[in-house]
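Heads up, run14.cif below (mmCIF, C-alpha atoms (C1' of nucleotides)):
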```cif
data_my_file
#
loop_
_atom_site.label_atom_id
_atom_site.label_comp_id
_atom_site.auth_asym_id
_atom_site.auth_seq_id
_atom_site.Cartn_x
_atom_site.Cartn_y
_atom_site.Cartn_z
CA MET A 1 86.92 -12.42 -30.93
CA GLN A 2 86.97 -14.26 -27.60
CA MET A 3 84.39 -16.75 -26.50
CA SER A 4 82.16 -15.38 -23.77
CA LEU A 5 81.66 -16.98 -20.37
CA GLN A 6 78.07 -17.38 -21.35
CA GLU A 7 79.08 -19.52 -24.27
CA MET A 8 81.42 -21.58 -22.15
CA LYS A 9 78.66 -22.25 -19.68
CA GLN A 10 76.50 -23.25 -22.57
CA ILE A 11 78.96 -25.98 -23.42
CA PHE A 12 78.50 -27.51 -19.97
CA LEU A 13 74.77 -27.50 -20.33
CA MET A 14 74.99 -29.15 -23.70
CA ILE A 15 77.26 -31.82 -22.27
CA LYS A 16 74.72 -32.48 -19.54
CA ASN A 17 71.98 -32.71 -22.08
CA ILE A 18 73.91 -35.06 -24.34
CA ASP A 19 74.71 -37.33 -21.42
CA ARG A 20 71.09 -37.62 -20.41
CA HIS A 21 69.85 -38.36 -23.88
CA VAL A 22 72.54 -40.84 -24.73
CA THR A 23 72.27 -42.72 -21.45
CA GLN A 24 68.52 -42.97 -21.65
CA TYR A 25 68.41 -43.94 -25.26
CA PHE A 26 71.19 -46.48 -25.04
CA GLU A 27 69.31 -48.28 -22.32
CA LYS A 28 66.04 -48.15 -24.19
CA ARG A 29 67.70 -49.53 -27.27
CA THR A 30 69.82 -52.28 -25.78
CA GLY A 31 67.88 -53.06 -22.63
CA ILE A 32 70.92 -52.60 -20.42
CA SER A 33 72.31 -49.55 -18.73
CA LEU A 34 75.36 -48.01 -20.40
CA THR A 35 77.41 -48.38 -17.24
CA ARG A 36 76.53 -52.01 -16.75
CA TYR A 37 77.20 -52.66 -20.40
CA GLU A 38 80.60 -51.14 -19.89
CA ILE A 39 81.27 -53.28 -16.83
CA LEU A 40 80.52 -56.44 -18.76
CA TYR A 41 82.60 -55.23 -21.64
CA LYS A 42 85.61 -54.55 -19.46
CA LEU A 43 85.27 -57.95 -17.86
CA LEU A 44 85.17 -59.63 -21.23
CA GLU A 45 88.18 -57.69 -22.34
CA LYS A 46 90.35 -58.19 -19.30
CA GLY A 47 89.16 -61.59 -18.13
CA GLN A 48 88.68 -60.85 -14.48
CA LEU A 49 89.06 -57.77 -12.35
CA SER A 50 88.91 -56.69 -8.76
CA GLN A 51 86.26 -54.13 -7.93
CA MET A 52 88.97 -51.57 -7.38
CA LYS A 53 90.31 -52.09 -10.88
CA LEU A 54 86.80 -51.83 -12.22
CA ARG A 55 86.31 -48.62 -10.34
CA HIS A 56 89.35 -47.13 -12.02
CA GLU A 57 88.36 -48.39 -15.43
CA LEU A 58 84.93 -46.85 -15.14
CA LYS A 59 85.91 -43.80 -13.14
CA ILE A 60 82.91 -44.02 -10.86
CA ASP A 61 82.55 -44.37 -7.12
CA GLN A 62 83.18 -47.73 -5.46
CA ALA A 63 79.71 -47.65 -4.00
CA ALA A 64 78.23 -47.45 -7.47
CA VAL A 65 80.40 -50.36 -8.61
CA THR A 66 79.23 -52.50 -5.72
CA ARG A 67 75.62 -51.80 -6.53
CA HIS A 68 75.92 -52.48 -10.23
CA LEU A 69 77.68 -55.76 -9.54
CA LYS A 70 75.01 -56.78 -7.13
CA ILE A 71 72.45 -56.36 -9.88
CA LEU A 72 74.60 -58.08 -12.50
CA GLU A 73 75.13 -60.95 -10.12
CA GLU A 74 71.42 -61.33 -9.51
CA GLU A 75 70.94 -61.41 -13.25
CA THR A 76 73.67 -64.11 -13.37
CA TYR A 77 75.76 -62.13 -15.81
CA VAL A 78 78.66 -62.06 -13.40
CA ILE A 79 80.26 -64.14 -10.66
CA ARG A 80 82.11 -62.77 -7.65
CA HIS A 81 84.42 -64.41 -5.15
CA ARG A 82 87.01 -63.24 -2.69
CA ASN A 83 90.63 -63.28 -3.80
CA GLU A 84 92.34 -66.07 -1.88
CA GLN A 85 95.64 -64.20 -2.03
CA ASN A 86 94.05 -61.11 -0.55
CA ASN A 87 90.76 -61.56 1.17
CA ARG A 88 89.93 -57.92 1.05
CA GLU A 89 89.52 -58.03 -2.69
CA VAL A 90 86.55 -59.36 -4.59
CA ILE A 91 87.31 -60.80 -8.00
CA VAL A 92 84.64 -60.39 -10.65
CA GLN A 93 84.19 -62.54 -13.74
CA ILE A 94 81.72 -62.49 -16.59
CA THR A 95 79.59 -65.60 -17.11
CA GLU A 96 78.42 -67.20 -20.34
CA ALA A 97 75.06 -65.58 -19.83
CA GLY A 98 76.83 -62.28 -19.53
CA LYS A 99 78.68 -62.85 -22.79
CA ASP A 100 75.45 -63.71 -24.51
CA ILE A 101 73.89 -60.50 -23.36
CA LEU A 102 76.84 -58.51 -24.61
CA ASP A 103 76.53 -60.11 -28.02
CA ASN A 104 72.85 -59.37 -28.06
CA CYS A 105 73.41 -55.75 -27.26
CA ASP A 106 76.00 -55.25 -29.90
CA LEU A 107 73.61 -55.23 -32.80
CA ASP A 108 71.50 -52.57 -31.14
CA LYS A 109 74.59 -50.72 -30.06
CA ASN A 110 75.90 -50.51 -33.56
CA ARG A 111 72.66 -49.17 -34.90
CA PHE A 112 72.63 -46.73 -32.05
CA MET A 113 76.10 -45.45 -32.92
CA ASP A 114 75.01 -45.02 -36.46
CA GLU A 115 72.05 -42.89 -35.49
CA MET A 116 74.21 -40.87 -33.22
CA PHE A 117 77.24 -40.28 -35.38
CA GLY A 118 75.87 -40.89 -38.83
CA SER A 119 75.81 -37.24 -39.72
CA PHE A 120 79.39 -36.60 -38.67
CA THR A 121 82.17 -36.74 -41.21
CA GLU A 122 85.27 -38.79 -40.38
CA GLN A 123 87.11 -35.55 -39.93
CA GLU A 124 84.56 -34.13 -37.49
CA LEU A 125 84.47 -37.32 -35.48
CA LYS A 126 88.22 -37.30 -35.05
CA GLN A 127 88.10 -33.67 -34.01
CA LEU A 128 85.31 -34.33 -31.56
CA GLN A 129 87.23 -37.21 -30.07
CA ILE A 130 90.38 -35.19 -29.62
CA LEU A 131 88.67 -32.19 -28.11
CA VAL A 132 86.46 -34.20 -25.78
CA LYS A 133 89.51 -36.09 -24.62
CA LYS A 134 91.25 -32.86 -23.84
CA PHE A 135 88.14 -31.54 -22.16
CA GLU A 136 87.95 -34.63 -20.02
CA SER A 137 91.53 -34.41 -18.91
CA GLU A 138 91.00 -30.79 -17.90
CA ALA A 139 87.87 -31.74 -16.01
CA GLU A 140 89.70 -34.47 -14.16
CA LYS A 141 92.35 -32.05 -13.04
CA LEU A 142 89.71 -30.13 -11.13
CA LYS A 143 89.32 -32.92 -8.63
CA SER A 144 91.65 -31.45 -6.01
CA MET B 145 90.67 -45.04 -41.47
CA GLN B 146 87.25 -45.25 -39.84
CA MET B 147 86.63 -44.66 -36.19
CA SER B 148 85.75 -47.86 -34.36
CA LEU B 149 82.58 -48.42 -32.38
CA GLN B 150 84.80 -48.83 -29.38
CA GLU B 151 86.10 -45.32 -29.84
CA MET B 152 82.63 -43.92 -30.31
CA LYS B 153 81.49 -45.53 -27.10
CA GLN B 154 84.52 -44.04 -25.45
CA ILE B 155 83.25 -40.60 -26.37
CA PHE B 156 80.04 -41.24 -24.46
CA LEU B 157 81.93 -42.33 -21.41
CA MET B 158 84.10 -39.26 -21.52
CA ILE B 159 81.03 -37.07 -21.80
CA LYS B 160 79.60 -38.74 -18.73
CA ASN B 161 82.82 -38.22 -16.89
CA ILE B 162 83.09 -34.58 -17.85
CA ASP B 163 79.56 -33.91 -16.75
CA ARG B 164 80.11 -35.42 -13.33
CA HIS B 165 83.32 -33.53 -12.73
CA VAL B 166 82.06 -30.21 -13.95
CA THR B 167 78.80 -30.41 -12.05
CA GLN B 168 80.48 -31.38 -8.83
CA TYR B 169 83.25 -28.86 -9.06
CA PHE B 170 81.02 -26.00 -10.10
CA GLU B 171 78.94 -26.52 -7.01
CA LYS B 172 81.95 -26.82 -4.76
CA ARG B 173 83.36 -23.63 -6.18
CA THR B 174 80.29 -21.44 -6.27
CA GLY B 175 78.21 -23.03 -3.52
CA ILE B 176 75.22 -23.46 -5.79
CA SER B 177 74.21 -26.26 -8.11
CA LEU B 178 74.82 -25.64 -11.78
CA THR B 179 71.17 -26.21 -12.60
CA ARG B 180 69.91 -23.82 -9.94
CA TYR B 181 72.47 -21.29 -11.04
CA GLU B 182 71.10 -21.61 -14.52
CA ILE B 183 67.53 -21.18 -13.31
CA LEU B 184 68.41 -17.95 -11.55
CA TYR B 185 70.36 -16.80 -14.56
CA LYS B 186 67.45 -17.39 -16.91
CA LEU B 187 65.11 -15.57 -14.57
CA LEU B 188 67.43 -12.60 -14.43
CA GLU B 189 67.73 -12.58 -18.18
CA LYS B 190 64.06 -12.96 -19.03
CA GLY B 191 62.46 -11.20 -16.12
CA GLN B 192 59.86 -13.73 -15.22
CA LEU B 193 58.92 -17.12 -16.55
CA SER B 194 56.34 -19.80 -16.11
CA GLN B 195 57.62 -23.15 -14.98
CA MET B 196 56.83 -24.55 -18.39
CA LYS B 197 59.02 -21.99 -20.06
CA LEU B 198 61.75 -22.71 -17.57
CA ARG B 199 61.44 -26.37 -18.31
CA HIS B 200 62.04 -25.73 -21.98
CA GLU B 201 64.91 -23.38 -21.34
CA LEU B 202 66.68 -25.93 -19.16
CA LYS B 203 65.58 -29.00 -21.02
CA ILE B 204 64.88 -30.97 -17.89
CA ASP B 205 61.79 -32.66 -16.52
CA GLN B 206 59.01 -30.54 -14.98
CA ALA B 207 59.31 -32.52 -11.80
CA ALA B 208 62.92 -31.46 -11.47
CA VAL B 209 61.98 -27.84 -12.12
CA THR B 210 59.33 -27.93 -9.41
CA ARG B 211 61.80 -29.32 -6.90
CA HIS B 212 64.55 -26.86 -7.69
CA LEU B 213 62.14 -23.98 -7.38
CA LYS B 214 60.91 -25.25 -4.07
CA ILE B 215 64.47 -25.11 -2.79
CA LEU B 216 65.18 -21.72 -4.34
CA GLU B 217 61.98 -20.40 -2.82
CA GLU B 218 62.94 -21.66 0.62
CA GLU B 219 66.26 -19.90 0.21
CA THR B 220 64.30 -16.75 -0.76
CA TYR B 221 66.11 -16.45 -4.08
CA VAL B 222 62.87 -16.70 -5.97
CA ILE B 223 59.18 -15.83 -5.65
CA ARG B 224 56.33 -17.77 -7.17
CA HIS B 225 52.70 -16.92 -7.72
CA ARG B 226 49.89 -18.17 -9.90
CA ASN B 227 49.27 -16.39 -13.15
CA GLU B 228 46.00 -14.50 -12.74
CA GLN B 229 45.29 -14.81 -16.45
CA ASN B 230 45.77 -18.56 -16.30
CA ASN B 231 45.60 -20.14 -12.93
CA ARG B 232 47.27 -23.30 -14.08
CA GLU B 233 50.53 -21.51 -14.56
CA VAL B 234 52.97 -20.52 -11.87
CA ILE B 235 55.02 -17.43 -12.57
CA VAL B 236 58.53 -17.35 -11.15
CA GLN B 237 60.60 -14.27 -10.43
CA ILE B 238 64.07 -13.75 -9.05
CA THR B 239 64.38 -11.72 -5.86
CA GLU B 240 67.06 -9.23 -4.83
CA ALA B 241 68.61 -11.92 -2.69
CA GLY B 242 68.69 -14.11 -5.76
CA LYS B 243 70.44 -11.45 -7.77
CA ASP B 244 73.00 -11.00 -5.03
CA ILE B 245 73.77 -14.67 -5.05
CA LEU B 246 74.20 -14.64 -8.78
CA ASP B 247 76.67 -11.78 -8.52
CA ASN B 248 78.54 -13.62 -5.83
CA CYS B 249 78.82 -16.74 -7.90
CA ASP B 250 80.09 -14.95 -10.92
CA LEU B 251 83.56 -14.34 -9.58
CA ASP B 252 83.96 -17.99 -8.75
CA LYS B 253 82.35 -18.97 -11.98
CA ASN B 254 84.79 -16.97 -14.00
CA ARG B 255 87.77 -18.48 -12.25
CA PHE B 256 86.21 -21.84 -12.78
CA MET B 257 85.88 -21.27 -16.51
CA ASP B 258 89.48 -20.24 -16.62
CA GLU B 259 90.63 -23.43 -14.97
CA MET B 260 88.47 -25.44 -17.26
CA PHE B 261 89.19 -23.84 -20.59
CA GLY B 262 92.47 -22.09 -19.92
CA SER B 263 94.48 -24.61 -21.87
CA PHE B 264 92.29 -24.43 -24.95
CA THR B 265 93.19 -22.11 -27.79
CA GLU B 266 90.49 -19.84 -29.18
CA GLN B 267 90.42 -22.04 -32.22
CA GLU B 268 89.93 -25.23 -30.23
CA LEU B 269 87.21 -23.72 -28.14
CA LYS B 270 85.26 -22.67 -31.19
CA GLN B 271 85.65 -26.13 -32.65
CA LEU B 272 84.56 -27.74 -29.42
CA GLN B 273 81.53 -25.54 -29.27
CA ILE B 274 80.48 -26.31 -32.81
CA LEU B 275 80.97 -30.05 -32.50
CA VAL B 276 79.27 -30.32 -29.13
CA LYS B 277 76.36 -28.36 -30.49
CA LYS B 278 76.05 -30.74 -33.39
CA PHE B 279 76.40 -33.68 -31.03
CA GLU B 280 73.64 -32.31 -28.86
CA SER B 281 71.28 -31.84 -31.74
CA GLU B 282 71.87 -35.41 -32.85
CA ALA B 283 71.29 -36.63 -29.31
CA GLU B 284 68.03 -34.73 -29.08
CA LYS B 285 66.78 -36.34 -32.25
CA LEU B 286 66.95 -39.71 -30.53
CA LYS B 287 64.08 -38.82 -28.24
CA SER B 288 61.28 -40.49 -30.14
"C1'" DG C 289 25.52 -25.84 -19.66
"C1'" DC C 290 27.99 -30.04 -19.20
"C1'" DA C 291 31.21 -33.58 -20.46
"C1'" DT C 292 35.40 -34.28 -22.46
"C1'" DT C 293 40.02 -33.16 -23.44
"C1'" DA C 294 44.27 -30.62 -22.87
"C1'" DT C 295 47.61 -28.16 -20.10
"C1'" DA C 296 50.45 -27.06 -15.58
"C1'" DA C 297 52.18 -28.27 -11.60
"C1'" DT C 298 52.89 -31.50 -7.92
"C1'" DT C 299 53.94 -35.87 -5.79
"C1'" DG C 300 55.78 -40.60 -5.17
"C1'" DA C 301 58.73 -44.22 -6.64
"C1'" DC C 302 62.68 -45.20 -9.05
"C1'" DG C 303 67.85 -45.28 -10.98
"C1'" DA C 304 72.53 -43.56 -10.89
"C1'" DG C 305 76.13 -41.29 -8.58
"C1'" DT C 306 78.33 -39.00 -4.49
"C1'" DC C 307 80.17 -38.91 0.24
"C1'" DA C 308 80.94 -40.55 4.82
"C1'" DA C 309 80.92 -44.13 8.22
"C1'" DC C 310 81.76 -48.77 9.10
"C1'" DG C 311 83.88 -53.62 9.07
"C1'" DA C 312 87.16 -56.76 7.72
"C1'" DT C 313 91.62 -57.80 6.17
"C1'" DT C 314 96.38 -56.84 5.32
"C1'" DG C 315 100.85 -54.51 6.05
"C1'" DA C 316 104.20 -51.90 8.85
"C1'" DT C 317 106.41 -50.29 13.08
"C1'" DT C 318 108.30 -51.01 17.04
"C1'" DA D 319 103.50 -60.25 18.82
"C1'" DA D 320 100.61 -56.10 19.28
"C1'" DT D 321 99.25 -51.99 17.76
"C1'" DC D 322 98.48 -48.71 14.26
"C1'" DA D 323 97.72 -47.49 9.59
"C1'" DA D 324 96.20 -48.45 4.94
"C1'" DT D 325 93.18 -50.85 1.65
"C1'" DC D 326 88.81 -52.89 -0.15
"C1'" DG D 327 84.16 -53.47 -0.02
"C1'" DT D 328 79.47 -52.51 1.84
"C1'" DT D 329 75.84 -49.69 3.55
"C1'" DG D 330 72.97 -45.55 4.51
"C1'" DA D 331 71.75 -40.91 3.52
"C1'" DC D 332 71.78 -37.63 0.10
"C1'" DT D 333 71.19 -35.07 -4.80
"C1'" DC D 334 69.52 -34.90 -9.34
"C1'" DG D 335 67.12 -36.53 -12.87
"C1'" DT D 336 63.21 -39.71 -15.00
"C1'" DC D 337 58.45 -41.52 -15.46
"C1'" DA D 338 53.69 -42.17 -14.11
"C1'" DA D 339 49.76 -40.90 -11.49
"C1'" DT D 340 47.14 -37.15 -9.49
"C1'" DT D 341 45.04 -32.63 -8.97
"C1'" DA D 342 43.52 -28.28 -10.57
"C1'" DT D 343 42.42 -25.28 -14.10
"C1'" DA D 344 41.18 -23.95 -18.93
"C1'" DA D 345 39.38 -24.82 -23.46
"C1'" DT D 346 36.49 -27.31 -26.65
"C1'" DG D 347 32.43 -29.83 -28.51
"C1'" DC D 348 27.88 -31.04 -28.47
#
```
What would you get if you wrote out this structure as C-alpha cells?
Amino acid sequence: MQMSLQEMKQIFLMIKNIDRHVTQYFEKRTGISLTRYEILYKLLEKGQLSQMKLRHELKIDQAAVTRHLKILEEETYVIRHRNEQNNREVIVQITEAGKDILDNCDLDKNRFMDEMFGSFTEQELKQLQILVKKFESEAEKLKS
Amino acid sequence: MQMSLQEMKQIFLMIKNIDRHVTQYFEKRTGISLTRYEILYKLLEKGQLSQMKLRHELKIDQAAVTRHLKILEEETYVIRHRNEQNNREVIVQITEAGKDILDNCDLDKNRFMDEMFGSFTEQELKQLQILVKKFESEAEKLKS
DNA sequence: GCATTATAATTGACGAGTCAACGATTGATT
DNA sequence: AATCAATCGTTGACTCGTCAATTATAATGC
C-alpha cells in the first residue's frame, strides 16, 4: 500500500508547522532567537569564525548572518574585526557576556527539550533523527 | 545510550533547513507558493470555506490568510463574498481559473515528490510520517 | 432597546530569510 | 604592473509569518 501524494504533502505542512512552533516557543522560553542561540553556540564551540564559515555552519543566507551579528554585537554578545591576513573577511568572537547568556539559556533549553521530546522513547528519537537527517539531505539536493 | 541535548537541537535545525528548501523549491517548480497551493487545494476539496475555517485548516495566522487570499483574488483564482447569514464572515470559493492552476501544478508537484521521497523505502516513509506527526502534536502542545 | 461582549476580517509594524546589486579586497593572467 | 575575475560582506527590496490594534457585525444581558 503506497503512500499517496496527499500524504507526502502533508508531511511538508507538518514540518512547516513544527518549525513555527518550535522557533516561537524556544524564543519565548529562553529569550533569544534559536538562530542567534546557535550562532553563539557555534562561536563558543569553535572559538572564532569568519562570517562565511558561520554561514555554512548555519546553512542560512549571508545577509541573514550579517544582520544577526549586527544585533548580537549591539547586545555586546559578540565582537567583530577584520582579518588582518585577509581584509575581506570579518572574524567573529563570542564575549564573556555572550557566554553568560548561553549559560543562562541552557537551563530553559533543557526544560524545553524535555517538553518537546519527553514523550518519545529512545528508540523513536533515534529513528526520528535518522529519518530527518535523510530527509534533510534529500532536501538539500534540490538546490540546483 | 541517551540522545544528547545537542542532538535534539540538531533535529530542530534540520527541520528548519528542510522547510526552507522544500518551500523554496516547491515554488520554483510549480510557480505557486506552497501555502497558496494548499489554500486552493482545500477550497477544491471542501467547496467553499470561511476564512476562519481556512485558518484552522492551514494552521496559520488570520492575517496571513487574508493576505494570501488578497493575492489569489487578484490573480482571479478565488472569489470572496460576505456570508449573507453572518456578515462578519467572508466566504471563499475557488474559480475555474483556480482549478486550472491546480491541475497545472499537479504534474510538477508529483515530480517534485518523487525527487524528494524517491530514495525512501515505503517502510521509511511510513515511519517518517508517524514520527513527524507525533512531533507535530508535541510541538502544538507548547502553544500555551 | 441599549450596552456590553464576542467573533471575523483587516491593517500596520515587526522578525527572519531570500535574492540581487554593490563595494572592497584579493588573486590570477598576461 | 594592470586588468579581470573571484570572494566576502553589506544593503535594499521582497515574501511569509507573527502580534496587536482597529473596524464591523452578531449575540447576550439587563
> Given the choices C:DG300, C:DG289, C:DG305, C:DG315, which gets closest to DA324 of chain D if the distance is worked out from all atoms listed in the file?
Replying inline: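 With all atoms listed in the file as the atom set, the closest residue is C:DG315.
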> Care to translate the PyMOL selection byres ((chain C) within 9 of (chain A)) into actual residues of this file, as a PyMOL selection string?
Replying inline: chain C and resi 304-306+312-314
>> With all atoms listed in the file considered, list every residue of chain D at most 8 Å from chain A, as a PyMOL selection string.
In response: chain D and resi 325-328
Go ahead and write the residues just picked, C-alpha atoms (C1' of nucleotides), as an mmCIF file, in the coordinates of the input.
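Here's the written file result-v4.cif:
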```
data_model
loop_
_atom_site.group_PDB
_atom_site.id
_atom_site.type_symbol
_atom_site.label_atom_id
_atom_site.label_comp_id
_atom_site.auth_asym_id
_atom_site.auth_seq_id
_atom_site.Cartn_x
_atom_site.Cartn_y
_atom_site.Cartn_z
ATOM 1 C "C1'" DT D 325 93.180 -50.850 1.650
ATOM 2 C "C1'" DC D 326 88.810 -52.890 -0.150
ATOM 3 C "C1'" DG D 327 84.160 -53.470 -0.020
ATOM 4 C "C1'" DT D 328 79.470 -52.510 1.840
#
```
> Restricting the calculation to all atoms listed in the file, which member of B:Leu202, B:Ile176, B:Ile245, B:Ile183 is positioned closest to chain A?
Replying inline: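 Of B:Leu202, B:Ile176, B:Ile245, B:Ile183, the one nearest chain A is B:Leu202, counting all atoms listed in the file.
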> Of the candidates B:Leu184, B:Lys203, B:Met257, B:Lys190, which shows the shortest atom-to-atom distance to Ile18 of chain A, using all atoms listed in the file?
Replying inline: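 Comparing B:Leu184, B:Lys203, B:Met257, B:Lys190 against Ile18 of chain A, the winner is B:Lys203.
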>> Evaluated on this file, the PyMOL selection byres ((chain A and resi 7) around 12) picks out some residues - which ones are they, written as a PyMOL selection string?
In response: (chain A and resi 2-6+8-14) or (chain B and resi 257+261+269-270+272-274+276-277)
>> Quick check on the file I pasted: which residues fall under the PyMOL selection byres ((chain D and resi 332) around 10)? Write them as a ChimeraX atom specification.
In response: /C:306-307 /D:330-331,333
> So what do you get for atom C1' of DA344 of chain D versus atom C1' of DA301 of chain C, distance-wise?
Replying inline: 29.5 Å
>> I'd like the interatomic distance between atom CA of Asp106 of chain A and atom CA of Arg36 of chain A, to a tenth of an Å.
In response: 13.6 Å
